[in-house]
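Here is the structure we will look at.
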Amino acid sequence: MISEEQKRAIELFSEALLAENYPPLAGRILGLFYVSDKKYFTFNELVDIMGVTKGSVSKSLSFLQNQLGIINFTYKEGIKRRRYFYVDVASNIAYLRRFIASYKMQNEIYKVALRIRNDQNKEMNQFLENHVTFNDAVLKSIEEHFDKSFK
């Protein structure tokens with residue numbers, strides 16, 4: 001059902017998303033959606049393709065669906081008991097917006113911390129100054145590109 005190249009890419013997704021604290025299987029499931037031309041997968045298809053237990057798939061889907069809101073499901077007409085899972089593009093864009101907003105908020109907190117600190121720990125002050133400067137540049141670039149990419 002999936003090629004060796006797709007399997008390797010799925011594993012790369014899983015490894016990359018570990019850095020963002022995704023459970024490994026959740027990263028693999030998300031990777032499957034990205035490398036597959038298929039839009040929808042049933043629960044049983046995910047269990048078969050991933051080669052894991054139903055409980056593991058259920059837990060990972062819950063993470064992707066309920067905690068991140070980037071996977072959703074629908075029912076097909078006439079088939080009410082079978083859910084068809086898919087990557088929810090609009091929710092993914094909203095997720096990116098929340099991520100950017102959080103990054104902005106953290107940077108504002110760093111600015112506040114820098115303002116209220118004294119000169120006792122110069123190394124930390126310099127780090128915060130550099131951090132704020134870096135974050136300002138990153139945020140400017142992200143916002144500029146985000147608006148162009150996701151109108």
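Ordering of the structure tokens sets the chain letters (A, B, ...), residue numbers begin anew at 1 in every chain, and ligands are numbered from 1 in the order given.
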
Can you tell me which residues surround stretch 45-58 of chain A at a distance of at most 10 Å, considering only C-alpha atoms, apart from same-chain residues fewer than 5 positions away, and format the answer as JSON, numbers by chain?
{"A": [1, 2, 7, 25, 26, 28, 29, 32, 40, 63, 64, 84, 85]}

Do you know which residues are at most 10 Å from A:Ile100 counting only C-alpha atoms, after dropping those on the same chain fewer than 6 positions away, and could you put them as a PDB file with N, CA and C atoms, in the first residue's frame?
ATOM      1  N   ALA A  94      -4.603  27.556  11.474  1.00  0.00           N
ATOM      2  CA  ALA A  94      -4.920  28.136  12.784  1.00  0.00           C
ATOM      3  C   ALA A  94      -3.875  27.715  13.822  1.00  0.00           C
ATOM      4  N   GLN A 106       6.068  35.084  24.134  1.00  0.00           N
ATOM      5  CA  GLN A 106       7.305  34.754  24.850  1.00  0.00           C
ATOM      6  C   GLN A 106       8.345  35.845  24.654  1.00  0.00           C
ATOM      7  N   LEU A 139      10.429  36.711  13.875  1.00  0.00           N
ATOM      8  CA  LEU A 139       8.996  37.019  13.825  1.00  0.00           C
ATOM      9  C   LEU A 139       8.641  37.891  12.627  1.00  0.00           C
ATOM     10  N   ILE A 142       8.766  35.577   9.620  1.00  0.00           N
ATOM     11  CA  ILE A 142       7.663  34.607   9.658  1.00  0.00           C
ATOM     12  C   ILE A 142       6.346  35.285   9.296  1.00  0.00           C
ATOM     13  N   GLU A 143       6.074  36.421   9.896  1.00  0.00           N
ATOM     14  CA  GLU A 143       4.803  37.104   9.632  1.00  0.00           C
ATOM     15  C   GLU A 143       4.695  37.536   8.172  1.00  0.00           C
ATOM     16  N   PHE A 146       4.265  34.282   6.193  1.00  0.00           N
ATOM     17  CA  PHE A 146       2.994  33.642   6.527  1.00  0.00           C
ATOM     18  C   PHE A 146       1.853  34.290   5.751  1.00  0.00           C
TER      19      PHE A 146
END

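Distances here use only C-alpha atoms; by that measure, the residue among A:Lys148, A:Lys111, A:Arg117, A:Arg8 closest to A:Asn130 is A:Lys111.
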
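Proximity of A:Leu17, A:Leu128, A:Ala101, A:Ile10 to A:Leu114, computed with only C-alpha atoms, is greatest for A:Leu128.
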
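Using only C-alpha atoms, the nearest neighbour of A:Asp37 within the list A:Arg81, A:Gln67, A:Val87, A:Lys59 is A:Val87.
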
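In this structure, atom CA of A:Ile109 sits 27.2 Å away from atom CA of A:Phe150.
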
Quick check for you: according to DSSP on this backbone, which residues of stretch 16-92 of chain A are classed as alpha helix (DSSP H)? Reply as a PyMOL selection string.
chain A and resi 16-18+24-35+43-50+54-62+89-92

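Among the candidate residues A:Asp88, A:Glu129, A:Asp136, A:Glu108, the one lying nearest to A:Lys39 is A:Asp88, with distances computed using only C-alpha atoms.
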
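The residues of stretch 67-146 of chain A that DSSP classifies as strand (DSSP E or B), using the backbone of this structure, are Ile71, Asn72, Phe73, Thr74, Tyr75, Lys76, Ile79, Lys80, Arg81, Arg82, Arg83, Tyr84, Phe85, Tyr86 and Val87 of chain A.
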
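Residue nearest A:Phe43, chosen from A:Ile71, A:Gly31, A:Arg83, A:Glu5 and counting only C-alpha atoms: A:Arg83.
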
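Each of A:Tyr95, A:Lys80, A:Val132, A:Lys151 was checked against A:Ala113 using only C-alpha atoms; the smallest atom-to-atom distance is that of A:Val132.
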
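When atom CA of A:His145 is paired with atom CA of A:Leu96, their separation reads 12.2 Å.
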